[in-house]
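J.: data-v9.cif is reproduced in full below (mmCIF, C-alpha atoms).
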```cif
data_protein
#
loop_
_atom_site.label_atom_id
_atom_site.label_comp_id
_atom_site.auth_asym_id
_atom_site.auth_seq_id
_atom_site.Cartn_x
_atom_site.Cartn_y
_atom_site.Cartn_z
CA MET D 1 -81.00 65.02 -6.19
CA TYR D 2 -81.94 68.59 -6.03
CA GLY D 3 -80.40 70.21 -9.04
CA SER D 4 -79.75 73.81 -9.88
CA TRP D 5 -80.54 75.47 -13.16
CA PHE D 6 -79.21 78.93 -13.85
CA GLY D 7 -81.50 81.87 -14.41
CA ARG D 8 -83.87 82.44 -17.28
CA CYS D 9 -81.88 85.39 -18.61
CA ALA D 10 -78.68 83.39 -18.96
CA ARG D 11 -80.52 80.52 -20.65
CA VAL D 12 -82.14 82.83 -23.19
CA GLY D 13 -78.75 84.37 -23.94
CA ALA D 14 -77.24 80.98 -24.55
CA ALA D 15 -80.06 79.84 -26.77
CA ALA D 16 -80.02 83.02 -28.78
CA ALA D 17 -76.35 83.29 -29.51
CA GLY D 18 -74.23 80.63 -27.88
CA ALA D 19 -72.12 83.54 -26.76
CA VAL D 20 -70.64 84.53 -23.44
CA LEU D 21 -73.84 84.13 -21.50
CA LEU D 22 -73.63 86.67 -18.81
CA LEU D 23 -72.51 89.70 -20.75
CA ALA D 24 -75.76 90.29 -22.58
CA GLY D 25 -77.23 92.96 -20.33
CA CYS D 26 -79.47 90.65 -18.35
CA SER D 27 -79.54 91.69 -14.74
CA SER D 28 -81.87 92.05 -11.80
CA ASP D 29 -85.24 93.70 -12.19
CA GLY D 30 -84.90 97.41 -12.74
CA ASP D 31 -82.00 99.01 -14.57
CA LYS D 32 -80.89 96.42 -17.12
CA ASN D 33 -77.46 98.05 -17.39
CA GLU D 34 -76.79 97.82 -13.66
CA LYS D 35 -74.21 95.15 -12.89
CA PRO D 36 -73.60 93.63 -9.46
CA ALA D 37 -70.17 94.39 -8.01
CA VAL D 38 -68.84 90.84 -7.86
CA GLY D 39 -65.19 90.07 -8.48
CA GLN D 40 -63.02 86.98 -8.73
CA GLN D 41 -61.32 85.20 -5.86
CA PRO D 42 -57.49 85.12 -5.85
CA LYS D 43 -56.49 82.61 -8.49
CA GLU D 44 -53.90 80.86 -6.34
CA LYS D 45 -56.56 80.17 -3.68
CA ASP D 46 -59.46 79.31 -5.94
CA PRO D 47 -59.12 79.13 -9.73
CA TYR D 48 -62.86 78.86 -10.40
CA TRP D 49 -64.95 81.56 -12.02
CA VAL D 50 -67.35 83.73 -10.03
CA ASN D 51 -70.49 84.40 -12.06
CA PRO D 52 -71.12 88.17 -11.97
CA ASP D 53 -74.78 87.72 -12.87
CA GLY D 54 -75.85 84.68 -10.91
CA ASN D 55 -78.92 84.58 -8.70
CA ALA D 56 -77.01 85.62 -5.59
CA ALA D 57 -75.31 88.50 -7.40
CA ARG D 58 -78.65 89.76 -8.67
CA GLN D 59 -80.07 89.53 -5.15
CA VAL D 60 -77.16 91.62 -3.89
CA ALA D 61 -77.96 94.23 -6.51
CA ALA D 62 -81.64 94.25 -5.52
CA TYR D 63 -80.92 94.63 -1.80
CA ARG D 64 -78.34 97.33 -2.50
CA LYS D 65 -80.84 99.24 -4.63
CA ASP D 66 -83.34 99.08 -1.76
CA GLY D 67 -80.74 100.37 0.68
CA ASP D 68 -80.79 97.10 2.64
CA ASP D 69 -77.17 97.05 3.74
CA GLU D 70 -77.51 94.19 6.23
CA ASN D 71 -79.00 91.72 3.75
CA THR D 72 -76.63 92.92 1.03
CA GLU D 73 -73.67 91.87 3.14
CA MET D 74 -75.32 88.56 4.03
CA ILE D 75 -75.94 87.55 0.42
CA LYS D 76 -72.49 88.73 -0.63
CA ARG D 77 -71.18 85.80 1.37
CA ILE D 78 -72.67 83.67 -1.39
CA ALA D 79 -72.34 85.98 -4.40
CA ASP D 80 -68.60 86.50 -3.91
CA GLN D 81 -67.83 82.79 -4.18
CA PRO D 82 -67.61 80.56 -7.27
CA VAL D 83 -70.51 78.14 -7.55
CA ALA D 84 -71.13 75.42 -10.10
CA GLU D 85 -73.16 75.97 -13.23
CA TRP D 86 -75.62 73.12 -13.93
CA ILE D 87 -75.95 72.56 -17.67
CA GLY D 88 -79.55 72.33 -18.84
CA ALA D 89 -81.11 69.82 -21.18
CA ASP D 90 -82.09 72.03 -24.11
CA ASN D 91 -78.97 73.96 -25.20
CA PRO D 92 -75.96 72.14 -23.76
CA GLU D 93 -73.40 73.21 -26.35
CA ALA D 94 -74.32 76.88 -26.14
CA GLU D 95 -74.41 76.86 -22.36
CA ALA D 96 -71.11 75.02 -21.97
CA LYS D 97 -69.51 77.35 -24.48
CA GLY D 98 -70.93 80.44 -22.81
CA PHE D 99 -69.80 79.55 -19.33
CA THR D 100 -66.33 78.39 -20.36
CA GLU D 101 -65.80 81.46 -22.53
CA ALA D 102 -66.84 83.76 -19.69
CA ALA D 103 -64.51 81.93 -17.32
CA ALA D 104 -61.62 82.04 -19.80
CA LYS D 105 -62.11 85.77 -20.29
CA ALA D 106 -61.65 86.19 -16.54
CA ASP D 107 -58.62 83.83 -16.63
CA ARG D 108 -60.47 81.33 -14.46
CA ASP D 109 -61.73 77.75 -14.82
CA ALA D 110 -65.39 76.89 -15.33
CA LEU D 111 -67.06 74.56 -12.83
CA LEU D 112 -69.88 72.59 -14.48
CA VAL D 113 -72.35 69.95 -13.34
CA LEU D 114 -73.86 67.44 -15.75
CA TYR D 115 -77.16 66.07 -14.46
CA ASN D 116 -79.18 64.60 -17.29
CA ILE D 117 -78.85 60.82 -16.98
CA PRO D 118 -82.01 58.94 -18.10
CA HIS D 119 -84.38 58.08 -15.22
CA ARG D 120 -82.76 60.73 -13.06
CA ASP D 121 -83.55 61.12 -9.34
CA CYS D 122 -85.85 58.08 -9.13
CA GLY D 123 -89.02 60.12 -9.62
CA GLN D 124 -88.32 62.65 -6.87
CA PHE D 125 -88.29 66.47 -7.12
CA SER D 126 -85.60 66.52 -9.84
CA LYS D 127 -86.90 63.61 -11.87
CA GLY D 128 -86.35 63.60 -15.62
CA GLY D 129 -83.18 63.41 -17.63
CA ALA D 130 -82.52 62.47 -21.25
CA ALA D 131 -85.19 60.46 -23.02
CA ASP D 132 -82.92 57.48 -23.66
CA GLY D 133 -79.31 56.41 -24.02
CA ASP D 134 -78.85 57.80 -27.52
CA ALA D 135 -80.25 61.17 -26.45
CA TYR D 136 -77.85 61.24 -23.50
CA ARG D 137 -74.82 60.42 -25.65
CA ALA D 138 -75.78 63.20 -28.06
CA TRP D 139 -76.16 65.61 -25.13
CA ILE D 140 -72.72 64.72 -23.76
CA GLU D 141 -71.23 65.22 -27.22
CA LYS D 142 -72.68 68.73 -27.36
CA VAL D 143 -71.39 69.58 -23.90
CA ALA D 144 -67.90 68.44 -24.87
CA LYS D 145 -67.97 70.51 -28.05
CA GLY D 146 -69.15 73.52 -26.04
CA ILE D 147 -66.25 73.19 -23.61
CA GLY D 148 -63.73 72.92 -26.42
CA GLU D 149 -60.13 73.49 -25.33
CA ARG D 150 -61.03 75.84 -22.47
CA ARG D 151 -60.37 74.90 -18.83
CA ALA D 152 -63.28 73.21 -17.09
CA THR D 153 -63.97 70.91 -14.18
CA VAL D 154 -67.03 68.69 -14.54
CA ILE D 155 -68.98 67.02 -11.75
CA LEU D 156 -70.60 64.09 -13.53
CA GLU D 157 -74.12 62.96 -12.70
CA PRO D 158 -74.82 63.43 -8.99
CA ASP D 159 -76.40 60.33 -7.44
CA ALA D 160 -76.28 58.28 -10.65
CA VAL D 161 -73.95 55.63 -9.22
CA LEU D 162 -75.48 55.66 -5.74
CA HIS D 163 -78.95 55.02 -7.14
CA LEU D 164 -77.55 51.84 -8.66
CA VAL D 165 -76.64 50.47 -5.23
CA ASP D 166 -79.54 51.69 -3.07
CA SER D 167 -82.27 49.82 -5.00
CA CYS D 168 -83.66 53.09 -6.34
CA THR D 169 -82.86 52.51 -10.02
CA PRO D 170 -84.49 49.35 -11.44
CA GLN D 171 -82.12 46.48 -12.16
CA GLU D 172 -82.97 46.39 -15.86
CA LEU D 173 -81.53 49.90 -16.26
CA HIS D 174 -78.18 49.23 -14.60
CA GLU D 175 -76.14 48.05 -17.59
CA GLU D 176 -77.18 50.99 -19.71
CA ARG D 177 -76.33 53.46 -16.94
CA PHE D 178 -72.88 51.99 -16.43
CA ASP D 179 -72.28 52.23 -20.17
CA LEU D 180 -73.53 55.83 -20.34
CA LEU D 181 -71.42 57.01 -17.42
CA LYS D 182 -68.27 55.29 -18.68
CA GLY D 183 -68.86 56.73 -22.13
CA ALA D 184 -69.39 60.21 -20.71
CA VAL D 185 -66.11 60.08 -18.78
CA GLU D 186 -64.23 58.92 -21.86
CA ARG D 187 -65.81 61.55 -24.13
CA LEU D 188 -65.21 64.44 -21.76
CA LYS D 189 -61.61 63.42 -21.13
CA ARG D 190 -60.92 63.82 -24.83
CA GLN D 191 -61.10 67.57 -24.21
CA PRO D 192 -57.52 68.62 -23.45
CA ASN D 193 -58.25 70.83 -20.42
CA THR D 194 -61.27 69.15 -18.85
CA LYS D 195 -61.19 67.46 -15.44
CA VAL D 196 -63.94 64.98 -14.59
CA TYR D 197 -65.11 63.90 -11.15
CA LEU D 198 -67.64 61.07 -11.12
CA ASP D 199 -70.13 61.51 -8.30
CA ALA D 200 -69.91 59.01 -5.43
CA GLY D 201 -72.75 60.12 -3.17
CA ASN D 202 -72.17 61.07 0.46
CA ALA D 203 -70.94 59.76 3.77
CA GLY D 204 -74.39 58.69 4.90
CA TRP D 205 -75.57 56.66 1.92
CA SER D 206 -73.28 53.68 1.65
CA GLN D 207 -69.98 52.15 2.70
CA PRO D 208 -67.01 52.16 0.34
CA ASP D 209 -67.21 48.39 -0.09
CA ALA D 210 -70.61 48.77 -1.74
CA LEU D 211 -69.31 51.40 -4.17
CA PHE D 212 -66.03 49.94 -5.32
CA ASP D 213 -67.31 47.82 -8.19
CA PRO D 214 -70.06 50.24 -9.37
CA LEU D 215 -67.63 53.16 -9.56
CA GLN D 216 -65.10 51.08 -11.48
CA ARG D 217 -67.78 49.95 -13.92
CA ALA D 218 -68.91 53.55 -14.33
CA GLY D 219 -65.45 54.64 -15.46
CA VAL D 220 -63.84 56.24 -12.41
CA GLY D 221 -60.51 54.76 -13.47
CA LYS D 222 -60.34 57.15 -16.43
CA ALA D 223 -61.75 60.11 -14.50
CA ASP D 224 -59.68 62.57 -12.49
CA GLY D 225 -61.46 61.41 -9.36
CA PHE D 226 -64.83 61.49 -7.69
CA SER D 227 -67.08 63.93 -5.82
CA VAL D 228 -68.79 63.53 -2.46
CA ASN D 229 -71.53 65.32 -0.51
CA VAL D 230 -73.09 67.01 -3.55
CA SER D 231 -76.18 68.92 -2.40
CA ASN D 232 -75.91 67.37 1.04
CA PHE D 233 -74.99 68.47 4.54
CA TYR D 234 -72.47 65.99 5.95
CA PRO D 235 -69.62 67.72 7.80
CA THR D 236 -66.39 68.09 5.91
CA ALA D 237 -64.52 65.82 8.30
CA ALA D 238 -67.03 63.00 7.72
CA SER D 239 -66.90 63.53 3.97
CA LYS D 240 -63.12 63.51 4.01
CA ASP D 241 -63.05 60.26 5.95
CA PHE D 242 -65.58 58.67 3.60
CA GLY D 243 -63.66 59.89 0.55
CA LYS D 244 -60.35 58.55 1.81
CA ARG D 245 -61.77 55.12 2.52
CA LEU D 246 -63.36 55.06 -0.92
CA SER D 247 -60.18 56.33 -2.58
CA ALA D 248 -58.28 53.39 -1.14
CA LYS D 249 -60.74 51.09 -2.92
CA VAL D 250 -60.43 52.78 -6.32
CA GLY D 251 -56.72 53.09 -6.88
CA GLY D 252 -55.98 56.15 -4.76
CA LYS D 253 -58.18 58.48 -6.79
CA HIS D 254 -58.43 62.07 -5.60
CA PHE D 255 -61.77 63.64 -4.73
CA VAL D 256 -63.61 66.93 -4.20
CA ILE D 257 -66.10 67.79 -1.45
CA ASP D 258 -69.23 69.93 -1.75
CA THR D 259 -69.12 72.29 1.25
CA SER D 260 -71.84 74.65 0.09
CA ARG D 261 -74.29 74.04 2.94
CA ASN D 262 -72.57 71.80 5.49
CA GLY D 263 -71.53 74.46 8.01
CA ASN D 264 -73.91 73.13 10.68
CA GLY D 265 -73.87 69.53 9.55
CA LEU D 266 -76.96 67.39 9.19
CA TYR D 267 -80.47 68.29 10.29
CA THR D 268 -81.84 65.64 12.61
CA GLY D 269 -85.09 67.19 13.78
CA GLY D 270 -87.48 65.74 11.23
CA ASP D 271 -88.25 62.63 9.23
CA PRO D 272 -84.86 61.17 8.26
CA LYS D 273 -86.19 60.45 4.77
CA GLU D 274 -86.87 64.17 4.25
CA ASN D 275 -83.96 65.80 6.04
CA TRP D 276 -82.13 66.38 2.76
CA CYS D 277 -84.85 68.75 1.52
CA ASN D 278 -84.53 72.41 2.55
CA PRO D 279 -83.66 71.56 6.16
CA PRO D 280 -83.87 74.52 8.57
CA GLY D 281 -80.96 75.93 10.51
CA ARG D 282 -78.24 75.01 8.03
CA ALA D 283 -75.24 77.15 7.15
CA LEU D 284 -72.67 77.80 4.47
CA GLY D 285 -69.62 75.58 4.84
CA GLU D 286 -65.96 76.17 4.01
CA THR D 287 -65.54 78.62 1.17
CA PRO D 288 -64.41 77.12 -2.13
CA THR D 289 -60.69 76.54 -2.44
CA THR D 290 -58.14 74.23 -3.98
CA SER D 291 -55.89 74.75 -0.93
CA THR D 292 -57.36 71.99 1.22
CA GLY D 293 -54.20 70.93 3.04
CA ASP D 294 -54.85 67.32 2.07
CA PRO D 295 -53.14 65.73 -0.95
CA LEU D 296 -56.16 63.52 -1.72
CA VAL D 297 -58.73 66.35 -1.56
CA ASP D 298 -58.38 68.42 -4.71
CA ALA D 299 -60.91 71.07 -3.71
CA TYR D 300 -63.73 72.21 -1.51
CA LEU D 301 -66.41 73.30 -3.97
CA TRP D 302 -69.87 74.83 -3.86
CA VAL D 303 -71.52 72.39 -6.23
CA LYS D 304 -75.04 72.89 -4.95
CA ARG D 305 -75.82 76.57 -5.42
CA PRO D 306 -76.58 78.00 -1.95
CA GLY D 307 -80.00 79.63 -1.82
CA GLU D 308 -81.58 77.49 -4.52
CA SER D 309 -84.37 75.21 -3.38
CA ASP D 310 -84.10 71.43 -3.03
CA GLY D 311 -87.75 71.09 -3.99
CA GLU D 312 -91.28 71.89 -2.92
CA CYS D 313 -90.88 70.98 0.74
CA ARG D 314 -90.90 73.12 3.90
CA GLY D 315 -92.40 75.99 1.93
CA GLY D 316 -89.75 76.01 -0.77
CA PRO D 317 -90.24 76.71 -4.49
CA LYS D 318 -89.49 74.15 -7.20
CA ALA D 319 -86.11 72.45 -7.23
CA GLY D 320 -83.37 74.79 -8.41
CA GLU D 321 -85.36 78.01 -7.99
CA TRP D 322 -83.80 80.87 -6.06
CA TRP D 323 -85.18 81.26 -2.52
CA PRO D 324 -83.79 84.42 -0.89
CA GLU D 325 -85.08 83.64 2.60
CA TYR D 326 -83.27 80.31 2.64
CA ALA D 327 -80.13 81.95 1.24
CA LEU D 328 -80.19 84.49 4.07
CA GLY D 329 -80.52 81.70 6.62
CA LEU D 330 -77.49 79.89 5.21
CA ALA D 331 -75.44 83.08 5.24
CA ARG D 332 -76.45 84.11 8.75
CA GLY D 333 -75.58 80.68 10.07
CA ALA D 334 -72.07 80.72 8.59
CA LYS D 335 -69.17 80.92 11.04
#
```
Represent the structure of the file as structure tokens.

T.:
Amino acid sequence: MYGSWFGRCARVGAAAAGAVLLLAGCSSDGDKNEKPAVGQQPKEKDPYWVNPDGNAARQVAAYRKDGDDENTEMIKRIADQPVAEWIGADNPEAEAKGFTEAAAKADRDALLVLYNIPHRDCGQFSKGGAADGDAYRAWIEKVAKGIGERRATVILEPDAVLHLVDSCTPQELHEERFDLLKGAVERLKRQPNTKVYLDAGNAGWSQPDALFDPLQRAGVGKADGFSVNVSNFYPTAASKDFGKRLSAKVGGKHFVIDTSRNGNGLYTGGDPKENWCNPPGRALGETPTTSTGDPLVDAYLWVKRPGESDGECRGGPKAGEWWPEYALGLARGAK
């Protein structure tokens, strides 16, 4: 998986005060008091919070300062939309509190991603995670305390279940992972206004029959549903079909689809094993909304943060770092 960590300024603010992260005067290079002009989407269409000081918003401010109107408008296609905030490993309570407080102040819901399972990403670009099971449980506890009673939707551990069925995660680690995921769902659902979607991979990784038992063992029954296509490029129609077939196997659970970069579908011009990593010619997909027109699909979300690198491939920076050239390509390709 190719996670996204929010900017250094926000992280420092969280560590310093545990306060509303993005109101501490940290902006793009230059005038520290200059704030990007980013507003919220209509609540009835999309209840999720738009971060006024995210990477895309800061890039808008930088282009605007340089008088680059064309690129300003391109990046606004990203900056104007709510994207998920990926909670880091070091200050989970402060970060969760900061994001949910900022969202609540704007009368919106926070959208959070938890991506810290031990032995994460099978040694690829986003390898790492908590040191062990006890460390992970303590981390989840801090996230839950940070969320408190505020409204939040949590995407829980991208790829963690899929890596149990694709032979990526060693067999001796399976029981612990099932226990950790089930425990995380149960702990987060103790928060009165928190929704939890357990990640279920994407339409190209596995068939629903292979996922039924693992998802049940990982606690999907107590979750609000599951997520599909996180950080991937499968078309929305394919993701919807996959999600519906999987839903039928897990008690009719609802699901959400990551549409952040699936506007042009999959890239098929390179090594299939590497086509997930910064593929060229991709585009933004459907803008985030809870008005999907399908009773099983709770939302189209931008879980992967458009413009942040998948990893050091095809000239990209480290996983999660902002890459303005790639962001521009995604925006220009959008229909």

J.: Just say which residues the PyMOL selection byres ((chain D and resi 77-84) around 7) picks in this file, as a count of residues only.

T.: 24

J.: Given the file shown, determine the residues that the PyMOL selection byres ((chain D and resi 174) around 12) selects; report them as a list in words.

T.: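 This file, filtered by the PyMOL selection byres ((chain D and resi 174) around 12), leaves Ile117, Pro118, His119, Gly133, Ala160, Val161, Leu162, His163, Leu164, Val165, Asp166, Ser167, Cys168, Thr169, Pro170, Gln171, Glu172, Leu173, Glu175, Glu176, Arg177, Phe178, Asp179, Leu180, Leu181, Pro214, Arg217 and Ala218 of chain D.
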
J.: Might you pull out every residue within 9 Å of Trp323 (chain D), with all atoms listed in the file counted and same-chain residues fewer than 5 positions away left off, and present them as a ChimeraX atom specification?

T.: /D:307-309,316-317,328

J.: For the selection you just gave me, I'd like the residues written to a file as a compact mmCIF listing (two decimals), keeping the file's coordinate frame, keeping C-alpha atoms.

T.:
```
# COMPACT_ATOMS: atom_id res chain seq x y z
CA GLY D 307 -80.00 79.63 -1.82
CA GLU D 308 -81.58 77.49 -4.52
CA SER D 309 -84.37 75.21 -3.38
CA GLY D 316 -89.75 76.01 -0.77
CA PRO D 317 -90.24 76.71 -4.49
CA LEU D 328 -80.19 84.49 4.07
```

J.: Residues picked by the PyMOL selection byres ((chain D and resi 310) around 7) here, as number ranges by chain?

T.: D: 2, 277-278, 308-309, 311, 319-320

J.: Nearest residue to Arg151 (chain D) out of D:Ala237, D:Leu284, D:Ile257, D:Ala102, using all atoms listed in the file?

T.: D:Ala102
